[in-house]
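Engineer: This is protein-v9.pdb, which holds PDB, C-alpha atoms:
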```pdb
ATOM      1  CA  MET A   1     -59.241  10.154  11.924
ATOM      2  CA  TYR A   2     -62.553  11.820  11.096
ATOM      3  CA  LYS A   3     -64.306   8.432  11.182
ATOM      4  CA  LEU A   4     -62.698   7.638  14.543
ATOM      5  CA  LYS A   5     -63.963  10.941  15.936
ATOM      6  CA  GLN A   6     -67.460  10.078  14.745
ATOM      7  CA  VAL A   7     -67.362   6.680  16.455
ATOM      8  CA  PHE A   8     -65.940   8.266  19.613
ATOM      9  CA  ALA A   9     -68.723  10.880  19.652
ATOM     10  CA  MET A  10     -71.327   8.114  19.314
ATOM     11  CA  ASP A  11     -69.768   6.148  22.189
ATOM     12  CA  MET A  12     -69.632   9.218  24.435
ATOM     13  CA  GLN A  13     -73.274   9.939  23.699
ATOM     14  CA  ASN A  14     -74.209   6.380  24.631
ATOM     15  CA  LEU A  15     -72.346   6.680  27.946
ATOM     16  CA  LEU A  16     -73.701  10.124  28.833
ATOM     17  CA  THR A  17     -77.340   9.337  28.011
ATOM     18  CA  ASN A  18     -77.590   6.193  30.138
ATOM     19  CA  PRO A  19     -78.910   7.202  33.606
ATOM     20  CA  MET A  20     -77.897   3.911  35.205
ATOM     21  CA  TRP A  21     -74.299   4.252  34.054
ATOM     22  CA  ILE A  22     -74.146   7.815  35.377
ATOM     23  CA  PHE A  23     -75.519   6.648  38.726
ATOM     24  CA  TYR A  24     -73.091   3.737  38.868
ATOM     25  CA  ALA A  25     -70.152   6.009  37.961
ATOM     26  CA  VAL A  26     -71.012   8.883  40.316
ATOM     27  CA  GLY A  27     -73.832   8.081  42.739
ATOM     28  CA  PHE A  28     -72.791   4.584  43.758
ATOM     29  CA  PRO A  29     -69.141   5.253  44.759
ATOM     30  CA  LEU A  30     -70.194   8.488  46.458
ATOM     31  CA  ALA A  31     -72.833   6.715  48.548
ATOM     32  CA  LEU A  32     -70.461   3.851  49.337
ATOM     33  CA  VAL A  33     -67.727   6.176  50.627
ATOM     34  CA  LEU A  34     -70.190   8.097  52.796
ATOM     35  CA  LEU A  35     -71.725   4.905  54.193
ATOM     36  CA  LEU A  36     -68.491   3.031  54.937
ATOM     37  CA  GLY A  37     -66.810   6.210  56.164
ATOM     38  CA  PHE A  38     -69.621   6.730  58.674
ATOM     39  CA  LEU A  39     -69.735   3.083  59.814
ATOM     40  CA  ALA A  40     -65.966   2.871  60.285
ATOM     41  CA  SER A  41     -65.509   6.311  61.832
ATOM     42  CA  GLY A  42     -64.565   4.807  65.208
ATOM     43  CA  SER A  43     -61.848   2.574  63.741
ATOM     44  CA  PHE A  44     -59.616   5.346  62.400
ATOM     45  CA  GLY A  45     -57.676   8.181  64.004
ATOM     46  CA  ASN A  46     -57.667  11.912  63.422
ATOM     47  CA  ALA A  47     -54.664  12.056  61.090
ATOM     48  CA  VAL A  48     -56.274   9.659  58.617
ATOM     49  CA  THR A  49     -60.042   9.524  59.000
ATOM     50  CA  SER A  50     -62.295   6.767  57.735
ATOM     51  CA  TYR A  51     -63.509   9.136  55.017
ATOM     52  CA  ASP A  52     -59.908   9.785  53.974
ATOM     53  CA  TYR A  53     -59.173   6.072  53.631
ATOM     54  CA  TYR A  54     -62.359   5.088  51.836
ATOM     55  CA  GLY A  55     -62.290   8.248  49.734
ATOM     56  CA  VAL A  56     -59.079   6.933  48.175
ATOM     57  CA  ALA A  57     -59.648   3.165  48.444
ATOM     58  CA  LEU A  58     -63.099   3.202  46.879
ATOM     59  CA  MET A  59     -61.842   5.526  44.179
ATOM     60  CA  VAL A  60     -59.576   2.623  43.210
ATOM     61  CA  PHE A  61     -62.629   0.358  43.174
ATOM     62  CA  ALA A  62     -64.435   2.869  40.951
ATOM     63  CA  ILE A  63     -61.441   2.793  38.619
ATOM     64  CA  PHE A  64     -61.757  -0.993  38.394
ATOM     65  CA  ASN A  65     -65.378  -0.611  37.329
ATOM     66  CA  ALA A  66     -64.207   1.107  34.145
ATOM     67  CA  SER A  67     -63.795  -2.407  32.743
ATOM     68  CA  THR A  68     -67.505  -3.116  33.158
ATOM     69  CA  PHE A  69     -68.425   0.182  31.496
ATOM     70  CA  SER A  70     -66.236  -0.538  28.487
ATOM     71  CA  ALA A  71     -67.526  -4.123  28.283
ATOM     72  CA  ASN A  72     -71.141  -2.995  28.336
ATOM     73  CA  SER A  73     -70.559  -0.194  25.844
ATOM     74  CA  PHE A  74     -68.854  -2.709  23.584
ATOM     75  CA  MET A  75     -71.354  -5.559  23.711
ATOM     76  CA  GLU A  76     -74.701  -4.105  24.796
ATOM     77  CA  GLU A  77     -77.380  -5.024  22.261
ATOM     78  CA  ARG A  78     -78.636  -1.482  21.635
ATOM     79  CA  ILE A  79     -75.070  -0.409  20.838
ATOM     80  CA  LYS A  80     -74.151  -3.373  18.654
ATOM     81  CA  SER A  81     -76.414  -2.241  15.790
ATOM     82  CA  PRO A  82     -74.518   0.997  15.037
ATOM     83  CA  ASN A  83     -71.252  -0.867  15.606
ATOM     84  CA  MET A  84     -72.298  -3.464  13.018
ATOM     85  CA  ARG A  85     -72.671  -0.675  10.464
ATOM     86  CA  ILE A  86     -69.075   0.302  11.152
ATOM     87  CA  VAL A  87     -67.962  -3.255  10.342
ATOM     88  CA  TYR A  88     -69.442  -2.918   6.848
ATOM     89  CA  SER A  89     -68.380   0.713   6.365
ATOM     90  CA  PRO A  90     -65.073   2.023   4.982
ATOM     91  CA  ALA A  91     -64.012   2.797   8.562
ATOM     92  CA  ARG A  92     -61.364   0.528  10.025
ATOM     93  CA  PRO A  93     -62.781  -2.227  12.295
ATOM     94  CA  TRP A  94     -60.358  -1.421  15.132
ATOM     95  CA  PHE A  95     -62.175   1.909  15.528
ATOM     96  CA  ILE A  96     -64.946  -0.055  17.265
ATOM     97  CA  HIS A  97     -62.967  -1.387  20.211
ATOM     98  CA  PHE A  98     -60.377   1.400  20.408
ATOM     99  CA  SER A  99     -63.071   4.082  20.573
ATOM    100  CA  LYS A 100     -64.799   2.240  23.437
ATOM    101  CA  VAL A 101     -61.547   2.296  25.419
ATOM    102  CA  ILE A 102     -60.993   6.040  24.903
ATOM    103  CA  ALA A 103     -64.638   7.002  25.504
ATOM    104  CA  THR A 104     -64.825   4.947  28.694
ATOM    105  CA  THR A 105     -61.542   6.437  29.906
ATOM    106  CA  VAL A 106     -62.836   9.988  29.400
ATOM    107  CA  PHE A 107     -66.226   9.192  30.961
ATOM    108  CA  CYS A 108     -64.904   7.379  34.047
ATOM    109  CA  THR A 109     -62.051   9.824  34.657
ATOM    110  CA  ALA A 110     -64.475  12.759  34.601
ATOM    111  CA  ALA A 111     -66.871  10.895  36.917
ATOM    112  CA  ASN A 112     -64.086  10.035  39.381
ATOM    113  CA  ILE A 113     -62.832  13.625  39.478
ATOM    114  CA  LEU A 114     -66.389  14.808  40.164
ATOM    115  CA  VAL A 115     -66.797  12.279  43.003
ATOM    116  CA  ALA A 116     -63.418  13.261  44.491
ATOM    117  CA  ALA A 117     -64.342  16.948  44.380
ATOM    118  CA  ILE A 118     -67.680  16.313  46.112
ATOM    119  CA  LEU A 119     -66.035  14.205  48.825
ATOM    120  CA  HIS A 120     -63.318  16.785  49.395
ATOM    121  CA  PHE A 121     -65.728  19.684  49.824
ATOM    122  CA  THR A 122     -68.403  17.793  51.814
ATOM    123  CA  VAL A 123     -66.561  15.476  54.222
ATOM    124  CA  GLY A 124     -63.028  16.818  53.810
ATOM    125  CA  VAL A 125     -61.384  13.831  52.157
ATOM    126  CA  ASN A 126     -57.668  14.547  51.821
ATOM    127  CA  TYR A 127     -56.288  14.097  48.312
ATOM    128  CA  GLY A 128     -52.935  15.704  49.008
ATOM    129  CA  GLY A 129     -53.534  19.230  47.797
ATOM    130  CA  LEU A 130     -51.375  19.941  44.746
ATOM    131  CA  ASN A 131     -50.113  16.343  44.963
ATOM    132  CA  GLY A 132     -53.588  15.418  43.783
ATOM    133  CA  LEU A 133     -52.312  16.068  40.266
ATOM    134  CA  TYR A 134     -50.122  12.988  40.626
ATOM    135  CA  LEU A 135     -53.150  11.004  41.793
ATOM    136  CA  ALA A 136     -55.033  12.212  38.732
ATOM    137  CA  ALA A 137     -52.249  10.909  36.484
ATOM    138  CA  ILE A 138     -52.318   7.488  38.143
ATOM    139  CA  MET A 139     -56.107   7.458  37.968
ATOM    140  CA  LEU A 140     -56.093   8.291  34.262
ATOM    141  CA  LEU A 141     -53.637   5.507  33.408
ATOM    142  CA  SER A 142     -55.474   3.052  35.668
ATOM    143  CA  VAL A 143     -58.818   3.818  34.036
ATOM    144  CA  LEU A 144     -57.197   3.452  30.615
ATOM    145  CA  PHE A 145     -55.868  -0.004  31.486
ATOM    146  CA  PHE A 146     -59.094  -1.306  33.011
ATOM    147  CA  SER A 147     -61.150   0.098  30.130
ATOM    148  CA  ALA A 148     -58.883  -1.774  27.732
ATOM    149  CA  LEU A 149     -59.140  -4.907  29.886
ATOM    150  CA  GLY A 150     -62.935  -4.882  29.699
ATOM    151  CA  VAL A 151     -62.840  -4.647  25.911
ATOM    152  CA  LEU A 152     -60.222  -7.397  25.674
ATOM    153  CA  VAL A 153     -62.329  -9.795  27.757
ATOM    154  CA  CYS A 154     -65.283  -9.071  25.458
ATOM    155  CA  CYS A 155     -63.153  -9.691  22.378
ATOM    156  CA  ILE A 156     -62.081 -13.051  23.794
ATOM    157  CA  LEU A 157     -65.435 -14.278  25.137
ATOM    158  CA  ARG A 158     -67.668 -12.509  22.535
ATOM    159  CA  ASP A 159     -70.570 -12.443  24.997
ATOM    160  CA  GLU A 160     -71.619  -9.571  27.282
ATOM    161  CA  SER A 161     -72.995 -11.752  30.079
ATOM    162  CA  SER A 162     -69.941 -14.013  30.221
ATOM    163  CA  ALA A 163     -67.591 -11.024  30.084
ATOM    164  CA  ASN A 164     -69.418  -9.310  32.957
ATOM    165  CA  ASN A 165     -69.312 -12.468  35.071
ATOM    166  CA  VAL A 166     -65.579 -12.908  34.557
ATOM    167  CA  LEU A 167     -64.847  -9.231  35.168
ATOM    168  CA  SER A 168     -67.036  -9.054  38.288
ATOM    169  CA  LEU A 169     -65.272 -12.031  39.835
ATOM    170  CA  LEU A 170     -61.815 -10.748  38.926
ATOM    171  CA  LEU A 171     -62.470  -7.213  40.162
ATOM    172  CA  ALA A 172     -64.004  -8.417  43.430
ATOM    173  CA  LEU A 173     -60.934 -10.577  44.053
ATOM    174  CA  PHE A 174     -58.603  -7.663  43.278
ATOM    175  CA  ALA A 175     -60.590  -5.321  45.542
ATOM    176  CA  VAL A 176     -60.728  -7.628  48.577
ATOM    177  CA  LEU A 177     -57.119  -8.759  48.266
ATOM    178  CA  GLY A 178     -55.933  -5.194  47.701
ATOM    179  CA  GLY A 179     -57.563  -3.851  50.857
ATOM    180  CA  VAL A 180     -60.178  -1.678  49.195
ATOM    181  CA  PHE A 181     -62.957  -2.487  51.677
ATOM    182  CA  PHE A 182     -60.732  -3.072  54.726
ATOM    183  CA  PRO A 183     -56.962  -3.136  55.338
ATOM    184  CA  VAL A 184     -55.586  -6.694  55.008
ATOM    185  CA  ASP A 185     -52.117  -6.159  56.461
ATOM    186  CA  GLY A 186     -53.380  -7.191  59.889
ATOM    187  CA  PHE A 187     -54.197 -10.725  58.682
ATOM    188  CA  GLY A 188     -50.585 -11.905  58.740
ATOM    189  CA  LYS A 189     -47.467 -11.694  56.625
ATOM    190  CA  ALA A 190     -48.658 -14.247  54.062
ATOM    191  CA  ILE A 191     -51.872 -12.356  53.289
ATOM    192  CA  SER A 192     -50.025  -9.054  53.295
ATOM    193  CA  ALA A 193     -47.473 -10.357  50.784
ATOM    194  CA  ALA A 194     -50.143 -11.955  48.594
ATOM    195  CA  SER A 195     -52.092  -8.691  48.495
ATOM    196  CA  TRP A 196     -49.399  -7.172  46.257
ATOM    197  CA  ILE A 197     -50.636  -9.434  43.460
ATOM    198  CA  SER A 198     -53.659  -7.168  43.229
ATOM    199  CA  PRO A 199     -53.280  -3.930  41.229
ATOM    200  CA  ALA A 200     -55.522  -2.334  43.867
ATOM    201  CA  LYS A 201     -52.806  -2.790  46.476
ATOM    202  CA  TRP A 202     -49.981  -1.017  44.703
ATOM    203  CA  ILE A 203     -52.231   1.670  43.235
ATOM    204  CA  LEU A 204     -53.692   2.359  46.697
ATOM    205  CA  VAL A 205     -50.316   2.339  48.443
ATOM    206  CA  THR A 206     -48.847   4.638  45.791
ATOM    207  CA  CYS A 207     -51.699   7.109  46.289
ATOM    208  CA  LEU A 208     -51.534   7.016  50.109
ATOM    209  CA  ARG A 209     -47.776   7.522  50.117
ATOM    210  CA  ILE A 210     -48.112  10.527  47.835
ATOM    211  CA  ILE A 211     -50.888  12.065  49.952
ATOM    212  CA  TYR A 212     -49.459  11.567  53.446
ATOM    213  CA  ASP A 213     -45.694  11.258  52.962
ATOM    214  CA  SER A 214     -45.084  13.138  49.698
ATOM    215  CA  ASP A 215     -43.327   9.910  48.723
ATOM    216  CA  PHE A 216     -43.175   9.589  44.928
ATOM    217  CA  SER A 217     -40.908   6.537  44.804
ATOM    218  CA  MET A 218     -43.699   4.312  43.437
ATOM    219  CA  PHE A 219     -45.257   6.918  41.167
ATOM    220  CA  LEU A 220     -43.096   6.512  38.059
ATOM    221  CA  PRO A 221     -42.918   2.681  38.220
ATOM    222  CA  ALA A 222     -46.711   2.516  38.642
ATOM    223  CA  CYS A 223     -47.281   4.859  35.692
ATOM    224  CA  VAL A 224     -44.861   2.939  33.464
ATOM    225  CA  VAL A 225     -46.434  -0.431  34.329
ATOM    226  CA  LEU A 226     -49.967   0.868  33.768
ATOM    227  CA  ALA A 227     -49.003   2.494  30.448
ATOM    228  CA  LEU A 228     -47.314  -0.669  29.188
ATOM    229  CA  LEU A 229     -50.242  -2.836  30.289
ATOM    230  CA  SER A 230     -52.652  -0.483  28.516
ATOM    231  CA  VAL A 231     -50.721  -0.581  25.248
ATOM    232  CA  ALA A 232     -50.367  -4.371  25.427
ATOM    233  CA  THR A 233     -54.075  -4.868  26.199
ATOM    234  CA  VAL A 234     -55.227  -2.594  23.367
ATOM    235  CA  ALA A 235     -52.855  -4.374  20.969
ATOM    236  CA  MET A 236     -54.178  -7.779  22.063
ATOM    237  CA  SER A 237     -57.744  -6.592  21.484
ATOM    238  CA  GLY A 238     -56.761  -5.614  17.950
ATOM    239  CA  LEU A 239     -55.363  -9.088  17.344
ATOM    240  CA  VAL A 240     -58.338 -10.934  18.847
ATOM    241  CA  PHE A 241     -61.194  -8.782  17.534
ATOM    242  CA  LYS A 242     -62.931 -10.113  14.427
ATOM    243  CA  GLY A 243     -65.696  -7.980  12.966
ATOM    244  CA  GLU A 244     -67.584 -10.913  11.472
ATOM    245  CA  GLU A 245     -67.563 -12.768  14.825
ATOM    246  CA  TYR A 246     -68.679  -9.636  16.677
ATOM    247  CA  ILE A 247     -71.873  -9.701  14.612
TER     248      ILE A 247
END
```
As structure tokens, what does this structure read like?

Structural biologist:
Amino acid sequence: MYKLKQVFAMDMQNLLTNPMWIFYAVGFPLALVLLLGFLASGSFGNAVTSYDYYGVALMVFAIFNASTFSANSFMEERIKSPNMRIVYSPARPWFIHFSKVIATTVFCTAANILVAAILHFTVGVNYGGLNGLYLAAIMLLSVLFFSALGVLVCCILRDESSANNVLSLLLALFAVLGGVFFPVDGFGKAISAASWISPAKWILVTCLRIIYDSDFSMFLPACVVLALLSVATVAMSGLVFKGEEYI
């Protein structure tokens, strides 16, 4: 476990010392919520403001981006050199990909909590008061799954550029279909039903129900599904990852 802690510390340092990643994790979603909340202010009522909706919806989008962080921290050239030393060291090879998942989960969860706190205290985004603890649990499990997904795609494709292209396309599809940028329920029953294919849809609906209705009926199923998907994705990465091919 000592070796795993060392690898984890190295991965956290890489994440925390990259200004662009910090901006993309904190500055970008914050600016996007403020911009879209302002532009759509006339399309929402008083009970649920545009800032309330986008403060939650774009948090889901930020969660999705955990996959790109884990992919980049796994395959970026400046990070591959120390990872290559791990391949030839007594440490177990699965430390490489597993540590990236945990480090990205910690980094993105902390960034999302910071963004949520700023939005709450600046533009009054409603996160449900004490019910926000349930949102934090869903967010943590969601970040864990998408971090693992990013690593898995890298393990399969073995190329950072290809992995980013696939992830960007997949996440954009999930976001649009799930109603992250605009509600899709008004486009007809077929589109509304198809939107449930996207994880963004059921994560967003679960969060909104908890905030505004104190409805926790979807909370446990969502947590169980996300936990199982995370375990399965990490296990698949362990099966697919080959240290000699990573080099």

Engineer: If you apply the PyMOL selection byres ((chain A and resi 67) around 7) to this file, what residues do you get, as a tab-separated table (two decimals) with C-alpha atoms, in the frame of the given file?

Structural biologist:
```
chain	number	residue	atom	x	y	z
A	64	PHE	CA	-61.76	-0.99	38.39
A	65	ASN	CA	-65.38	-0.61	37.33
A	66	ALA	CA	-64.21	1.11	34.15
A	68	THR	CA	-67.50	-3.12	33.16
A	69	PHE	CA	-68.42	0.18	31.50
A	70	SER	CA	-66.24	-0.54	28.49
A	71	ALA	CA	-67.53	-4.12	28.28
A	146	PHE	CA	-59.09	-1.31	33.01
A	147	SER	CA	-61.15	0.10	30.13
A	149	LEU	CA	-59.14	-4.91	29.89
A	150	GLY	CA	-62.94	-4.88	29.70
```

Engineer: With the file shown as input, list the residues that the PyMOL selection byres ((chain A and resi 227) around 12) selects, as a PyMOL selection string.

Structural biologist: chain A and resi 137-146+148+220-226+228-234

Engineer: If you measure from atom CA of Val48 of chain A to atom CA of Val123 of chain A, what distance in Å do you get, rounded to one decimal?

Structural biologist: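 For atom CA of Val48 of chain A relative to atom CA of Val123 of chain A, the distance reads 12.6 Å.
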
Engineer: Run the PyMOL selection byres ((chain A and resi 55) around 8) on the file and write out the hits as a list in words.

Structural biologist: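 Applying the expression gives Val33, Tyr51, Asp52, Tyr53, Tyr54, Val56, Ala57, Leu58, Met59, Ala116, Leu119 and Val125 of chain A.
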
Engineer: Find the spatial neighbours of segment 212-215 of chain A, counting only C-alpha atoms, within a cut-off of 10 Å - ignore same-chain residues fewer than 3 positions away - and output them as a PyMOL selection string.

Structural biologist: chain A and resi 47-48+126-128+131+206-209+218-219

Engineer: Which of these, A:Ala25, A:Ala163, A:Ala103, A:Val180, has the shortest distance to Gln6 of chain A once you count all atoms listed in the file?

Structural biologist: A:Ala103

Engineer: Would you mind telling me which residue in A:Val101, A:Leu204, A:Ile22, A:Leu32 lies nearest to Leu114 of chain A when using all atoms listed in the file?

Structural biologist: A:Ile22

Engineer: With C-alpha atoms retained, output segment 27-67 of chain A as an mmCIF file, in the first residue's frame.

Structural biologist:
```
data_model
loop_
_atom_site.group_PDB
_atom_site.id
_atom_site.type_symbol
_atom_site.label_atom_id
_atom_site.label_comp_id
_atom_site.auth_asym_id
_atom_site.auth_seq_id
_atom_site.Cartn_x
_atom_site.Cartn_y
_atom_site.Cartn_z
ATOM 1 C CA GLY A 27 -13.028 28.355 -13.895
ATOM 2 C CA PHE A 28 -14.714 26.904 -16.962
ATOM 3 C CA PRO A 29 -17.862 25.414 -15.337
ATOM 4 C CA LEU A 30 -18.188 28.496 -13.133
ATOM 5 C CA ALA A 31 -18.072 30.841 -16.126
ATOM 6 C CA LEU A 32 -20.441 28.627 -18.110
ATOM 7 C CA VAL A 33 -23.075 28.593 -15.352
ATOM 8 C CA LEU A 34 -22.888 32.369 -14.935
ATOM 9 C CA LEU A 35 -23.099 32.974 -18.688
ATOM 10 C CA LEU A 36 -25.948 30.565 -19.465
ATOM 11 C CA GLY A 37 -27.770 31.529 -16.273
ATOM 12 C CA PHE A 38 -27.694 35.182 -17.330
ATOM 13 C CA LEU A 39 -28.700 34.507 -20.954
ATOM 14 C CA ALA A 40 -31.597 32.246 -19.971
ATOM 15 C CA SER A 41 -32.815 34.322 -17.031
ATOM 16 C CA GLY A 42 -36.038 35.242 -18.852
ATOM 17 C CA SER A 43 -36.934 31.621 -19.628
ATOM 18 C CA PHE A 44 -37.262 30.423 -16.033
ATOM 19 C CA GLY A 45 -39.559 31.317 -13.152
ATOM 20 C CA ASN A 46 -38.886 32.450 -9.613
ATOM 21 C CA ALA A 47 -39.179 29.052 -7.927
ATOM 22 C CA VAL A 48 -36.434 27.566 -10.097
ATOM 23 C CA THR A 49 -34.190 30.229 -11.592
ATOM 24 C CA SER A 50 -31.927 29.789 -14.586
ATOM 25 C CA TYR A 51 -28.949 29.815 -12.217
ATOM 26 C CA ASP A 52 -30.560 27.049 -10.161
ATOM 27 C CA TYR A 53 -31.051 24.845 -13.218
ATOM 28 C CA TYR A 54 -27.650 25.397 -14.792
ATOM 29 C CA GLY A 55 -25.936 25.293 -11.407
ATOM 30 C CA VAL A 56 -27.035 21.659 -11.156
ATOM 31 C CA ALA A 57 -27.103 20.680 -14.847
ATOM 32 C CA LEU A 58 -23.627 21.966 -15.633
ATOM 33 C CA MET A 59 -22.327 20.362 -12.469
ATOM 34 C CA VAL A 60 -23.332 17.083 -14.123
ATOM 35 C CA PHE A 61 -21.403 18.149 -17.221
ATOM 36 C CA ALA A 62 -18.381 18.936 -15.039
ATOM 37 C CA ILE A 63 -18.682 15.455 -13.555
ATOM 38 C CA PHE A 64 -18.558 13.987 -17.065
ATOM 39 C CA ASN A 65 -15.311 15.842 -17.707
ATOM 40 C CA ALA A 66 -13.638 13.742 -15.015
ATOM 41 C CA SER A 67 -13.117 11.157 -17.759
#
```
